[in-house]
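The structure under discussion appears below in the form of structure tokens.
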Amino acid sequence: MQYIALIYSTPGEGPQPETPEWGPFMQGYMDATEVYKKDGVMVAGEPLHGTDQATSVRVRGGKTETMDGPFAETKEALGGFYIFDCDNLDAAIKYAAMIPTAAYGTIEVRPIMDMSGAS
Amino acid sequence: MSDAPNLTATIELTATIEKLARDDRGRLLSGLIANLSNFDLAEEALATAFESALIHWRRSGIPDNPQGWLLRVARRKAIDHIRRKSRFQDYHPELARLAHEDEMDANQTASEIPDRRLELIFTCCHPALDAKSRVALTLRTLGGLTTAEIARAYLDKETTMGQRLTRAKLKIETAKIPFEVPGREHWAERLGSVLSVIYLIFNEGYSASSGDAALRRELCEEAIYLVRLLDQLCPDEPEIMGLLSLMLTTHARRNARQSAAGTTIGLADQDRGLWDNLMVQDGLAVLDRAMALAVPGAYQIKAAISALHGSASVSARTDWDQIALLYARLLHYEPTAVVRLNRAVATAQTGNIDQALDEIDQLATELKDYQPLYAARAEFLARKGDVSAAIQAYDNAILRTGNLSDREFLKSRRAQLLN
């Protein structure tokens with residue numbers, strides 16, 4: 001069973017680059033990723049650039065419309081994700097809770113639809 | 001004339017089946033859910049099995065092991081259902097496993113049927129489900145309530161409640177909430193979630209602002225049944241005993257809490273002769289059992305407070321010093337404004353009315369819509385002889401109560417001041 005852990009936080013909150021807290025924070029990510037690999041649950045995981053780098057795209061009447069910025073203007077922004085392959089929701093919650101950002105942001109855990117049987 | 005014994009047999013049979021439905025449904029359902037990993041299928045299959053029992057047992061008599069019979073028939077119904085739904089070229093490892101289990105269990109006696117109710121409780125009360133769904137799901141699967149009854153108890157439309165249950169079951173299945181008892185590291189948190197669901201059910205029954213009185217009593221009894229069950233399934237958990245004791249000593253006062261006209265009667269004015277003494281004793285014994293384990297917790301403290309109220313032969317003998325101390329201890333576990341208010345009330349009862357009023361004033365912003373704050377304030381102002389301020393506080397309390405019997409109570413207190 002695969003789960004995606006979407007990492008949300010408010011930009012500017014929590015440890016920031018070029019502060020003494022940043023190093024241990026990043027180390028926390030590396031340690032967590034090590035655990036995921038060791039436990040064999042790591043499918044993928046990537047950080048994202050900030051929402052100021054986001055471009056929203058939609059097609060209306062066959063025409064591609066491109067806009068600067070994220071789709072939804074919210075205080076909390078998606079900052080990255082992991083995909084875990086584990087037994088059940090309790091396991092996914094356990095791994096999600098290891099993500100350092102969980103300490104000040106929110107991790108949204110969603111089951112990934114299994115389309116392998118679809119024809 | 002030959003119909004007479006038949007009629008008796010039918011009545012007996014119906015009574016047996018009703019008893020099985022009441023006593024064994026939760027256990028059978030928990031076993032089926034463990035087998036099928038599907039709440040709806042398990043519920044449907046079990047319902048069909050009960051229907052078949054009525055027909056078959058009338059013909060061939062009640063089997064030696066009716067629980068085993070029901071479980072087997074339900075499982076076969078479920079296998080049939082899965083088979084019908086699947087394209088027949090599909091290989092179904094599930095079906096093979098179920099058929100195998102079916103053979104294995106064929107000669108099981110009633111006591112050998114595995115009891116998976118503990119797993120079921122923890123699944124239904126999983127914190128990944130929203131609070132109201134946890135309550136509804138627990139009442140539906142482990143309690144004896146129908147969807148219609150749950151809807152009535154929570155003043156929802158039956159369709160709304162049905163959808164809520166469907167959504168919750170779908171999440172259990174899709175997000176794969178495991179059907180298991182949580183491990184040590186999550187035990188406290190998960191048990192806390194289970195206990196709070198049961199306490200919510202009890203409180204809904206105990207202090208519902210409206211609704212049918214019989215149904216509310218049933219909710220209290222369901223909650224007591226559930227926590228007793230939990231106590232059997234995981235013995236030596238002092239907080240489970242704490243909650244059980246709390247609910248028993250509270251529910252023991254059910255016949256004294258309201259006048260014939262439906263007005264709330266405060267603890268101090270209740271006719272203690274109307275208390276269910278056996279239930280109080282039961283509650284005190286459970287609390288003793290909990291305390292012997294020497295691991296304190298919030299429910300045990302609340303139970304101890306309720307026990308102090310319940311064991312005073314007359315209201316004036318209530319040990320308010322001890323109660324004030326217990327509320328102070330409860331604050332360590334639940335540092336909430338409501339607990340502080342309760343401590344203030346106990347403090348006032350020990351004679352420190354000014355100190356209590358000070359504390360109440362400090363809580364006024366945080367609890368600005370909380371009826372008991374104004375009622376307590378009114379009571380203490382009245383005792384100090386500040387009638388006009390007390391009347392104003394009663395007005396504020398009356399304004400904030402949605403419960404008819406509480407409103408009548410507050411109005412009568414207010415009227416007494418004007419005499």
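How things are named: the first chain in the structure tokens is A, the next is B, and so on; residues count from 1 in each chain; ligands count from 1 in the order shown.
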
Non-local contacts of stretch 10-25 of chain A (12 Å; only C-alpha atoms; under 6 positions in same chain excluded) as a list of chain:residue names: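 Neighbouring residues, sequence-local ones excluded: A:Asp31, A:Ala32, A:His49, A:Gly50, A:Thr51, A:Asp52, A:Glu73, A:Thr74, A:Lys75, A:Glu76, A:Ala77, A:Leu78, A:Gly79, A:Met98, A:Ile99, A:Pro100, A:Thr101, A:Ala102, A:Ala103, A:Tyr104, A:Gly105, A:Thr106.
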
Can you list every residue of chain A that has an atom at most 8 Å from chain B, with its nearest atom pair and the distance in Å to one decimal, using only C-alpha atoms, ordered by chain then number, as JSON lines?
```
{"residue": "A:Asn88", "atom": "CA", "partner": "B:Lys176", "partner_atom": "CA", "distance": 5.2}
{"residue": "A:Leu89", "atom": "CA", "partner": "B:Ile177", "partner_atom": "CA", "distance": 5.1}
{"residue": "A:Asp90", "atom": "CA", "partner": "B:Ile177", "partner_atom": "CA", "distance": 6.7}
{"residue": "A:Arg110", "atom": "CA", "partner": "B:Ala175", "partner_atom": "CA", "distance": 7.2}
{"residue": "A:Pro111", "atom": "CA", "partner": "B:Ala175", "partner_atom": "CA", "distance": 5.3}
```

Export of prior selection with C-alpha atoms as a JSON list (two decimals), in the first residue's frame:
```
[["chain", "number", "residue", "atom", "x", "y", "z"],
["A", 88, "ASN", "CA", -1.19, 0.34, 6.70],
["A", 89, "LEU", "CA", -2.15, 3.83, 7.81],
["A", 90, "ASP", "CA", -0.61, 3.41, 11.26],
["A", 110, "ARG", "CA", -3.11, 10.32, 1.61],
["A", 111, "PRO", "CA", -3.41, 6.78, 0.25]]
```

Looking at B:Arg383, B:Leu139, B:Thr263, B:Thr48, which one is nearest to B:Ala151, with distances taken over only C-alpha atoms?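 Counting only C-alpha atoms, the residue closest to B:Ala151 is B:Leu139.
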
Can you list, as JSON, numbers by chain, every residue of chain A that DSSP puts in helix (DSSP H, G or I)? {"A": [22, 23, 24, 25, 26, 27, 28, 29, 30, 31, 32, 33, 34, 35, 36, 37, 38, 51, 52, 53, 89, 90, 91, 92, 93, 94, 95, 96, 100, 101, 102, 103]}

Expressed in Å to a single decimal, how great is the separation between atom CA of B:Arg413 and atom CA of B:Val339? 23.8 Å

Selection near stretch 298-306 of chain B, 8 Å with only C-alpha atoms, sequence-local residues under 5 positions removed, as a PyMOL selection string: chain B and resi 238-243+245-247+249-250+287+290-291+323+326-327+329-330+333-334

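Pairwise distance (atom CA of B:Gln258, atom CA of B:Phe409) equals 9.5 Å.
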
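Those residues that approach A:Val35 to within 12 Å, counting only C-alpha atoms, are A:Gly28, A:Tyr29, A:Met30, A:Asp31, A:Ala32, A:Lys38, A:Asp39, A:Gly40, A:Val41, A:Met42, A:Phe84, A:Lys94, A:Tyr95, A:Ala96, A:Met98, A:Ile99; same-chain residues fewer than 3 positions away are not listed.
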
Export, as a PDB file, in the first residue's frame, the selected residues with C-alpha atoms.
```
ATOM      1  CA  GLY A  28      16.835  15.517  10.623  1.00  0.00           C
ATOM      2  CA  TYR A  29      15.625  15.063   7.049  1.00  0.00           C
ATOM      3  CA  MET A  30      18.674  12.980   6.174  1.00  0.00           C
ATOM      4  CA  ASP A  31      18.212  10.811   9.257  1.00  0.00           C
ATOM      5  CA  ALA A  32      14.521  10.274   8.507  1.00  0.00           C
ATOM      6  CA  LYS A  38      16.551   0.988   6.001  1.00  0.00           C
ATOM      7  CA  ASP A  39      12.926  -0.052   6.675  1.00  0.00           C
ATOM      8  CA  GLY A  40      12.331  -0.528   2.960  1.00  0.00           C
ATOM      9  CA  VAL A  41       9.397   1.873   2.777  1.00  0.00           C
ATOM     10  CA  MET A  42      10.988   4.692   0.743  1.00  0.00           C
ATOM     11  CA  PHE A  84       6.014   5.427   1.416  1.00  0.00           C
ATOM     12  CA  LYS A  94       4.578   6.668  12.139  1.00  0.00           C
ATOM     13  CA  TYR A  95       6.872   7.543   9.216  1.00  0.00           C
ATOM     14  CA  ALA A  96       5.113  10.848   8.541  1.00  0.00           C
ATOM     15  CA  MET A  98       9.433  11.481  11.636  1.00  0.00           C
ATOM     16  CA  ILE A  99       9.466  14.269   9.031  1.00  0.00           C
TER      17      ILE A  99
END
```

Strand (DSSP E) call set, DSSP backbone run, chain A, as a ChimeraX atom specification: /A:2-9,42-47,55-60,63-68,77-85,106-111

Between atom CA of A:Gln2 and atom CA of A:Cys86, what is the spacing in Å? 6.4 Å

Using only C-alpha atoms, which protein or nucleic acid residues come within 8 Å of stretch 14-20 of chain B? Drop anything in the same chain fewer than 2 positions from it, and give the result as a list in words.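 The neighbour list is Thr10, Ile11, Glu12, Arg22, Asp23, Asp24, Arg25, Phe50, Ala53, Leu54 and Gln67 of chain B.
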
Kindly export the residues of the current selection with C-alpha atoms, as an mmCIF file, in the first residue's frame.
```cif
data_model
loop_
_atom_site.group_PDB
_atom_site.id
_atom_site.type_symbol
_atom_site.label_atom_id
_atom_site.label_comp_id
_atom_site.auth_asym_id
_atom_site.auth_seq_id
_atom_site.Cartn_x
_atom_site.Cartn_y
_atom_site.Cartn_z
ATOM 1 C CA THR B 10 -41.638 -19.819 17.463
ATOM 2 C CA ILE B 11 -41.742 -17.440 20.406
ATOM 3 C CA GLU B 12 -38.887 -19.304 22.072
ATOM 4 C CA ARG B 22 -27.932 -8.725 21.719
ATOM 5 C CA ASP B 23 -25.189 -10.710 23.427
ATOM 6 C CA ASP B 24 -23.103 -12.034 20.569
ATOM 7 C CA ARG B 25 -23.551 -9.719 17.613
ATOM 8 C CA PHE B 50 -29.578 -14.143 11.522
ATOM 9 C CA ALA B 53 -31.346 -18.840 11.479
ATOM 10 C CA LEU B 54 -34.993 -17.959 11.915
ATOM 11 C CA GLN B 67 -22.784 -18.771 17.553
#
```
